[in-house]
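File shown: coords15.cif. Contents: mmCIF, C-alpha atoms.
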data_input
loop_
_atom_site.label_atom_id
_atom_site.label_comp_id
_atom_site.auth_asym_id
_atom_site.auth_seq_id
_atom_site.Cartn_x
_atom_site.Cartn_y
_atom_site.Cartn_z
CA MET A 1 65.13 13.50 -174.27
CA LYS A 2 61.46 13.84 -175.06
CA GLU A 3 60.37 16.72 -177.18
CA ILE A 4 58.52 19.47 -175.33
CA SER A 5 55.40 20.97 -176.80
CA PHE A 6 53.92 24.23 -175.64
CA ARG A 7 50.36 22.99 -175.94
CA THR A 8 50.78 19.78 -173.99
CA ASP A 9 53.65 20.50 -171.59
CA VAL A 10 53.59 24.22 -170.81
CA LEU A 11 50.00 25.39 -171.14
CA PRO A 12 48.56 22.78 -168.70
CA LEU A 13 50.76 24.29 -165.96
CA LYS A 14 48.62 27.43 -166.04
CA ASN A 15 46.53 26.69 -162.94
CA GLU A 16 49.48 25.65 -160.81
CA LEU A 17 51.32 28.80 -161.87
CA PHE A 18 48.20 30.88 -161.32
CA ARG A 19 47.81 29.62 -157.75
CA LEU A 20 51.44 30.38 -156.98
CA ALA A 21 51.23 33.85 -158.52
CA LEU A 22 48.01 34.46 -156.64
CA ARG A 23 49.63 33.43 -153.38
CA ILE A 24 52.43 35.96 -153.99
CA THR A 25 50.59 38.90 -155.56
CA LEU A 26 47.31 38.29 -153.67
CA ASN A 27 45.45 39.69 -156.65
CA ARG A 28 43.73 37.66 -159.34
CA ALA A 29 44.21 40.09 -162.24
CA ASP A 30 47.90 40.50 -161.42
CA ALA A 31 48.29 36.75 -161.07
CA GLU A 32 46.75 36.12 -164.47
CA ASP A 33 49.04 38.70 -166.07
CA VAL A 34 52.02 37.06 -164.39
CA VAL A 35 51.07 33.64 -165.75
CA GLN A 36 50.67 35.02 -169.27
CA GLU A 37 54.01 36.81 -169.05
CA THR A 38 55.62 33.63 -167.72
CA MET A 39 54.33 31.54 -170.60
CA LEU A 40 55.39 34.04 -173.24
CA LYS A 41 58.83 34.19 -171.69
CA VAL A 42 59.07 30.41 -171.71
CA TRP A 43 57.84 30.37 -175.32
CA ASN A 44 60.47 32.86 -176.40
CA ARG A 45 63.15 30.65 -174.92
CA ARG A 46 61.97 27.56 -176.79
CA GLN A 47 65.40 27.10 -178.37
CA GLN A 48 66.67 26.17 -174.89
CA TRP A 49 63.90 23.75 -173.95
CA GLU A 50 66.00 20.74 -174.81
CA GLN A 51 68.62 21.72 -172.27
CA ILE A 52 66.12 22.24 -169.44
CA GLU A 53 65.92 19.44 -166.94
CA SER A 54 62.35 20.11 -165.82
CA ILE A 55 60.16 22.47 -167.80
CA GLU A 56 57.75 22.61 -164.85
CA ALA A 57 60.40 23.77 -162.39
CA PHE A 58 61.65 26.21 -165.01
CA CYS A 59 58.16 27.72 -165.40
CA ILE A 60 57.60 27.93 -161.65
CA THR A 61 60.91 29.72 -161.14
CA ILE A 62 60.11 32.30 -163.83
CA CYS A 63 56.57 32.72 -162.53
CA ARG A 64 57.75 33.35 -158.98
CA ASN A 65 60.35 35.90 -160.10
CA LEU A 66 57.82 37.78 -162.22
CA ALA A 67 55.28 37.75 -159.38
CA LEU A 68 57.90 39.10 -156.97
CA ASP A 69 58.85 41.82 -159.50
CA ARG A 70 55.25 42.84 -159.80
CA LEU A 71 54.86 42.93 -156.04
CA LYS A 72 57.91 45.13 -155.75
CA LYS A 73 56.75 47.48 -158.49
CA ALA A 74 53.22 47.83 -157.18
CA ASP A 75 54.46 47.96 -153.59
CA ASN A 76 51.11 46.59 -152.58
CA GLN A 77 52.24 44.15 -149.98
CA ASN A 78 49.69 45.33 -147.45
CA ALA A 79 46.95 46.46 -149.75
CA SER A 80 45.02 43.59 -151.16
CA LEU A 81 44.26 40.90 -148.63
CA ASP A 82 40.58 41.48 -149.30
CA ASP A 83 40.84 41.54 -153.07
CA GLU A 84 40.83 37.82 -153.34
CA GLY A 85 37.40 37.47 -151.87
CA TYR A 86 35.65 34.24 -151.19
CA ASP A 87 36.53 32.54 -154.42
CA ALA A 88 37.23 28.97 -153.44
CA PRO A 89 34.15 27.20 -152.23
CA ASP A 90 34.59 24.31 -149.85
CA HIS A 91 32.99 21.29 -151.42
CA SER A 92 32.64 19.41 -148.17
CA TYR A 93 29.27 17.84 -147.70
CA SER A 94 27.28 19.23 -144.86
CA ALA A 95 23.58 18.80 -144.45
CA ASN A 96 23.16 22.11 -142.76
CA PRO A 97 23.80 25.33 -144.75
CA GLU A 98 24.79 27.16 -141.60
CA GLU A 99 27.35 24.49 -140.83
CA GLN A 100 28.61 24.74 -144.41
CA ALA A 101 29.01 28.49 -144.14
CA MET A 102 30.93 28.11 -140.90
CA GLN A 103 33.27 25.60 -142.48
CA ARG A 104 33.88 27.92 -145.39
CA ASP A 105 34.54 30.75 -143.02
CA LYS A 106 37.14 28.70 -141.15
CA VAL A 107 38.92 27.69 -144.34
CA GLU A 108 38.95 31.30 -145.44
CA ARG A 109 40.48 32.35 -142.13
CA VAL A 110 43.27 29.82 -142.60
CA ARG A 111 43.90 31.20 -146.11
CA MET A 112 44.12 34.72 -144.75
CA LEU A 113 46.68 33.51 -142.22
CA ILE A 114 48.68 31.89 -145.01
CA ASN A 115 48.60 35.16 -146.96
CA GLN A 116 50.13 36.94 -144.00
CA LEU A 117 53.17 34.66 -143.85
CA PRO A 118 56.52 35.93 -145.16
CA GLU A 119 56.75 35.27 -148.91
CA LYS A 120 59.33 32.48 -148.66
CA GLN A 121 57.31 30.52 -146.13
CA ARG A 122 54.17 31.11 -148.14
CA THR A 123 55.74 29.92 -151.39
CA CYS A 124 57.32 26.87 -149.74
CA MET A 125 53.99 25.96 -148.17
CA GLN A 126 52.17 26.49 -151.46
CA LEU A 127 54.53 24.21 -153.38
CA ARG A 128 54.52 21.53 -150.68
CA ASP A 129 51.05 21.49 -149.15
CA VAL A 130 49.03 22.57 -152.15
CA GLU A 131 51.01 21.27 -155.12
CA GLY A 132 52.56 18.27 -153.31
CA LYS A 133 56.15 18.74 -154.48
CA PRO A 134 59.17 16.98 -152.97
CA TYR A 135 61.58 19.08 -150.88
CA LYS A 136 64.32 18.58 -153.44
CA GLU A 137 62.30 20.12 -156.24
CA ILE A 138 61.18 23.07 -154.11
CA ALA A 139 64.80 23.64 -153.12
CA SER A 140 65.91 23.80 -156.75
CA ILE A 141 63.05 26.10 -157.73
CA LEU A 142 63.74 28.53 -154.88
CA ASN A 143 67.49 28.13 -155.07
CA MET A 144 67.77 27.04 -151.43
CA THR A 145 68.97 23.94 -149.63
CA GLU A 146 66.47 21.23 -148.73
CA GLN A 147 67.10 22.04 -145.09
CA GLN A 148 66.10 25.66 -145.63
CA VAL A 149 62.92 24.57 -147.38
CA LYS A 150 62.08 22.31 -144.44
CA ILE A 151 62.68 25.12 -141.96
CA ASN A 152 60.40 27.44 -143.93
CA ILE A 153 57.66 24.84 -144.05
CA PHE A 154 58.10 24.04 -140.38
CA ARG A 155 57.71 27.72 -139.45
CA ALA A 156 54.76 28.20 -141.76
CA ARG A 157 52.87 25.19 -140.38
CA GLN A 158 53.62 26.16 -136.80
CA THR A 159 52.47 29.75 -137.31
CA ILE A 160 49.28 28.74 -139.06
CA LYS A 161 48.44 26.19 -136.40
CA GLU A 162 49.12 28.51 -133.49
CA GLU A 163 47.37 31.53 -134.96
CA TYR A 164 44.37 29.54 -136.08
CA LEU A 165 43.89 27.74 -132.76
CA LYS A 166 44.31 31.05 -130.95
CA GLN A 167 41.53 32.57 -133.07
CA GLU A 168 39.33 29.54 -132.46
CA LYS A 169 39.86 29.76 -128.74
CA TYR A 170 39.56 33.48 -128.17
CA GLY A 171 37.68 34.62 -131.23
CA LEU A 172 39.04 37.12 -133.76
CA MET B 1 38.55 3.73 -132.98
CA ASP B 2 42.20 4.39 -132.38
CA TYR B 3 43.56 7.57 -133.90
CA LYS B 4 47.07 7.25 -132.49
CA TYR B 5 48.57 6.81 -135.95
CA ILE B 6 46.87 9.96 -137.25
CA GLU B 7 47.87 11.89 -134.14
CA GLN B 8 51.43 10.79 -134.60
CA LEU B 9 51.39 11.79 -138.25
CA LEU B 10 49.88 15.13 -137.32
CA ASP B 11 52.67 15.82 -134.81
CA ARG B 12 55.27 14.95 -137.39
CA TYR B 13 53.45 17.07 -139.97
CA PHE B 14 53.78 20.15 -137.78
CA GLU B 15 57.47 19.34 -137.29
CA ALA B 16 57.85 19.15 -141.11
CA GLU B 17 58.99 15.53 -140.80
CA THR B 18 56.28 13.80 -142.83
CA THR B 19 56.76 12.39 -146.31
CA LEU B 20 54.54 13.34 -149.23
CA LYS B 21 52.75 10.02 -148.89
CA GLU B 22 52.00 10.61 -145.22
CA GLU B 23 50.75 14.10 -146.01
CA GLN B 24 48.37 12.59 -148.56
CA ILE B 25 47.05 10.26 -145.86
CA LEU B 26 46.43 13.22 -143.57
CA THR B 27 44.70 15.18 -146.33
CA ALA B 28 42.46 12.23 -147.14
CA PHE B 29 41.68 11.70 -143.46
CA PHE B 30 40.65 15.31 -142.92
CA GLU B 31 38.44 15.28 -146.00
CA GLN B 32 35.86 13.41 -143.94
CA ASP B 33 32.86 15.29 -142.68
CA GLU B 34 33.49 17.18 -139.51
CA GLU B 35 31.04 15.12 -137.45
CA GLU B 36 32.84 11.94 -138.32
CA LEU B 37 36.17 13.20 -137.04
CA PRO B 38 37.09 12.60 -133.40
CA GLU B 39 36.65 15.60 -131.13
CA GLY B 40 40.34 16.31 -130.61
CA LEU B 41 41.20 16.26 -134.31
CA ARG B 42 38.21 18.17 -135.60
CA GLN B 43 39.86 21.56 -135.14
CA TYR B 44 42.59 20.73 -137.66
CA ARG B 45 40.22 20.10 -140.51
CA PRO B 46 40.26 23.66 -141.95
CA LEU B 47 44.08 23.64 -141.99
CA PHE B 48 44.00 20.83 -144.55
CA ALA B 49 40.89 22.03 -146.35
CA ALA B 50 42.61 25.36 -146.99
CA MET B 51 45.24 23.54 -149.06
CA GLN B 52 42.61 22.26 -151.50
CA GLN B 53 42.70 25.15 -153.89
CA ASP B 54 40.79 25.16 -157.12
CA ASP B 55 41.72 28.59 -158.40
CA ALA B 56 41.96 28.24 -162.15
CA LEU B 57 42.22 30.15 -165.39
CA GLY B 58 39.55 29.74 -168.03
CA ASP B 59 39.73 28.43 -171.58
CA ASP B 60 39.93 31.97 -172.95
CA PHE B 61 43.40 32.12 -171.43
CA ASP B 62 44.46 29.07 -173.49
CA ALA B 63 43.03 30.56 -176.65
CA ARG B 64 44.82 33.85 -176.07
CA LEU B 65 48.14 32.18 -175.35
CA LEU B 66 47.92 29.89 -178.35
CA GLN B 67 47.19 32.87 -180.54
CA LEU B 68 50.20 34.68 -179.13
CA THR B 69 52.51 31.73 -179.64
CA GLU B 70 51.70 28.93 -182.06
CA GLU B 71 50.22 31.32 -184.62
CA ASN B 72 53.72 32.49 -185.37
CA ILE B 73 55.08 29.00 -185.53
CA GLN B 74 55.38 28.88 -189.32
CA VAL B 75 57.33 32.10 -189.46
CA LYS B 76 59.57 31.62 -186.51
CA ALA B 77 59.56 28.23 -184.92
CA ARG B 78 61.63 26.03 -187.17
CA THR B 79 63.84 23.70 -185.24
CA ILE B 80 67.33 23.84 -186.63
CA SER B 81 69.85 21.18 -185.76
CA MET B 82 73.41 22.04 -184.82
CA THR B 83 74.85 20.75 -188.10
CA GLU B 84 72.30 22.69 -190.10
CA ARG B 85 73.09 25.81 -188.18
CA LEU B 86 76.81 25.40 -188.75
CA ARG B 87 76.56 24.48 -192.44
CA PRO B 88 77.29 27.98 -193.86
CA LEU B 89 80.26 28.26 -191.54
CA MET B 90 81.51 24.86 -192.66
CA ARG B 91 81.14 25.88 -196.29
CA ALA B 92 83.18 29.00 -195.69
CA ALA B 93 85.77 26.96 -193.86
CA ALA B 94 85.95 24.49 -196.77
CA VAL B 95 86.49 27.31 -199.29
CA VAL B 96 89.24 28.78 -197.14
CA ALA B 97 90.84 25.37 -196.80
CA ILE B 98 90.80 24.83 -200.57
CA LEU B 99 92.29 28.26 -201.23
CA LEU B 100 94.95 27.72 -198.64
CA SER B 101 95.99 24.32 -199.94
CA LEU B 102 95.98 25.61 -203.51
CA SER B 103 98.19 28.54 -202.64
CA THR B 104 100.60 26.35 -200.70
CA ALA B 105 100.75 23.92 -203.58
CA LEU B 106 101.45 26.75 -206.05
CA ASN B 107 104.05 28.28 -203.79
CA GLN B 108 105.71 24.91 -203.48
CA SER B 109 105.94 24.44 -207.24
CA PHE B 110 107.36 27.94 -207.78
CA LYS B 111 109.95 27.20 -205.18
CA ASP B 112 110.84 23.94 -206.99
CA GLU B 113 111.35 25.85 -210.22
CA ARG B 114 113.69 28.25 -208.53
CA VAL B 115 115.72 25.42 -207.13
CA TRP B 116 115.96 23.88 -210.60
CA ALA B 117 117.10 27.20 -212.05
CA ASP B 118 119.81 27.43 -209.45
CA GLU B 119 121.10 24.02 -210.38
CA SER B 120 121.27 24.99 -214.06
CA ASP B 121 123.84 27.62 -213.19
CA TYR B 122 126.40 24.89 -213.34
CA ALA B 123 125.39 23.90 -216.84
CA LEU B 124 127.22 25.28 -219.88
CA LYS B 125 125.68 28.34 -221.33
CA TYR B 126 125.47 28.41 -225.08
CA GLU B 127 125.27 31.54 -227.13
CA THR B 128 124.34 31.65 -230.70
CA THR B 129 126.97 32.91 -233.12
CA VAL B 130 124.42 33.78 -235.68
CA ASP B 131 122.65 37.06 -235.13
CA GLU B 132 120.13 37.05 -237.89
CA PRO B 133 117.66 34.29 -238.65
CA ALA B 134 118.32 34.86 -242.35
CA MET B 135 122.01 34.06 -241.90
CA ALA B 136 121.09 30.88 -240.17
CA TYR B 137 118.91 29.98 -243.08
CA ASP B 138 121.81 30.50 -245.48
CA LEU B 139 124.08 28.43 -243.34
CA LEU B 140 121.55 25.63 -243.44
CA GLY B 141 122.14 25.46 -247.17
CA SER B 142 125.91 25.02 -246.90
CA ASP B 143 127.44 21.67 -246.11
CA THR B 144 129.83 23.24 -243.68
CA LEU B 145 126.98 23.48 -241.25
CA LYS B 146 127.91 21.99 -238.02
CA LEU B 147 126.38 22.43 -234.68
CA ASP B 148 129.66 23.73 -233.36
CA SER B 149 129.66 26.57 -235.82
CA LEU B 150 126.26 27.68 -234.76
CA TYR B 151 126.81 27.42 -231.05
CA LYS B 152 129.96 27.76 -229.17
CA PRO B 153 130.53 27.66 -225.45
CA THR B 154 131.22 31.08 -223.99
CA GLY B 155 132.07 29.91 -220.53
CA TYR B 156 130.40 29.14 -217.24
CA LEU B 157 127.84 31.29 -215.64
CA GLU B 158 128.80 32.86 -212.38
#
Represent the structure contained in this file as structure tokens.
Amino acid sequence: MKEISFRTDVLPLKNELFRLALRITLNRADAEDVVQETMLKVWNRRQQWEQIESIEAFCITICRNLALDRLKKADNQNASLDDEGYDAPDHSYSANPEEQAMQRDKVERVRMLINQLPEKQRTCMQLRDVEGKPYKEIASILNMTEQQVKINIFRARQTIKEEYLKQEKYGL
Amino acid sequence: MDYKYIEQLLDRYFEAETTLKEEQILTAFFEQDEEELPEGLRQYRPLFAAMQQDDALGDDFDARLLQLTEENIQVKARTISMTERLRPLMRAAAVVAILLSLSTALNQSFKDERVWADESDYALKYETTVDEPAMAYDLLGSDTLKLDSLYKPTGYLE
């Protein structure tokens, strides 16, 4: 088995882990702390790295658990939808600034809808639609069956579609 | 232009039946400018755009983490193989094994001696008839010295 190095195999996962932690905690500072804690935990278990099938899946699992712990401790499930702010600009090319702003607004509305999903659906959607992971891997990370992952993703996509189109049709 | 294929993919996407490859096709398709998308599909664009997330941590995070981890590498992070880890144990085991085999060997030889002693019980036991070494010396001078006069059988041991 190939030797795992912290610098080249673990550290580059930081953004993926950060996005997942952000999706769960909905707070950038908390998410960053979670990623740091995750990496230190993984580092402290370096004696076991050789026995781990996928260091990436291992990191994601730890990261999710720590993010959920933090959420439970802070009990801030309803508090911080606004904390995230408009941090991810849409790079789509539009000639018209007004058009651009409208696009950004729409994308932001979809993200808010995603943030309101139950955690499992949100995490499944994050790992599939954002990080592009196969069902099998998501199932092993979340300790579910592939079928359960599919159901969660199905529900998440349906909810987002329905809610978003409803907003588009009738306004907020 | 015919968008049947995309529409079909989109339906399957919402049923969670698409493969990763097909989802990449959809993502790429909806990356087009809004005006270039057909009317009926335009509304789905933000759903896919929302999945393009570029939230990231800065380089200071890397520096901090490396300081917290690899800095200590010389003190702590030495990889030790299984044999290396077990070496002291093996040494102890070897010492115990040597001691054990030595003690068994010694025990065995003591036992042998005892067996030999038992067998000698059947041999004749001689007793000297001369009590003093000086007397024996005198007797050595005389020509009457015979082995029989020095030692005589006194009987069998029980």
Taking all atoms listed in the file into account, which residues of chain A are within 8 Å of chain B, as a VMD selection string?
chain A and resid 7 11 14 to 15 18 to 19 32 36 39 to 40 43 47 87 to 88 90 92 to 94 103 106 to 108 110 to 111 126 129 to 130 132 to 134 150 to 151 153 to 154 157 to 158 160 to 161 165
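Atom CA of A:Val35 to atom CA of A:Phe6 spans 13.9 Å [interatomic distance, one decimal].
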Atom CA of A:Val10 and atom CA of A:Leu66 are how many Å apart?
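These atoms are spaced 16.6 Å apart.
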Please, what distance in Å, to one decimal, runs between atom CA of A:Gln116 and atom CA of A:Tyr164?
12.3 Å
Selection: 10 Å around A:Gln148, only C-alpha atoms, excl. self and same-chain fewer than 4 positions, as a short mmCIF file (atom, residue, chain, number, x, y, z; two decimals) with C-alpha atoms, in the coordinates of the input:
data_model
loop_
_atom_site.label_atom_id
_atom_site.label_comp_id
_atom_site.auth_asym_id
_atom_site.auth_seq_id
_atom_site.Cartn_x
_atom_site.Cartn_y
_atom_site.Cartn_z
CA CYS A 124 57.32 26.87 -149.74
CA TYR A 135 61.58 19.08 -150.88
CA ALA A 139 64.80 23.64 -153.12
CA LEU A 142 63.74 28.53 -154.88
CA ASN A 143 67.49 28.13 -155.07
CA MET A 144 67.77 27.04 -151.43
CA ASN A 152 60.40 27.44 -143.93
CA ILE A 153 57.66 24.84 -144.05
CA PHE A 154 58.10 24.04 -140.38
#
Quick one: apply the PyMOL selection byres ((chain A and resi 50) around 12) to the file and drop the selected residues here as a PyMOL selection string.
(chain A and resi 1-5+45-49+51-55) or (chain B and resi 79+81)
Excluding A:Ala31 and residues on its chain fewer than 6 positions from it, collect all residues at most 7 Å away from it, counting only C-alpha atoms, and give them as a PyMOL selection string.
chain A and resi 18+21-22+25
Could you write out as a PyMOL selection string the residues that the PyMOL selection byres ((chain B and resi 6) around 10) matches in the shown file?
chain B and resi 2-5+7-12+22+25-26+29-30+41
Care to translate the PyMOL selection byres ((chain A and resi 67) around 10) into actual residues of this file, as a PyMOL selection string?
chain A and resi 20-26+30-31+33-35+37-38+61-66+68-73
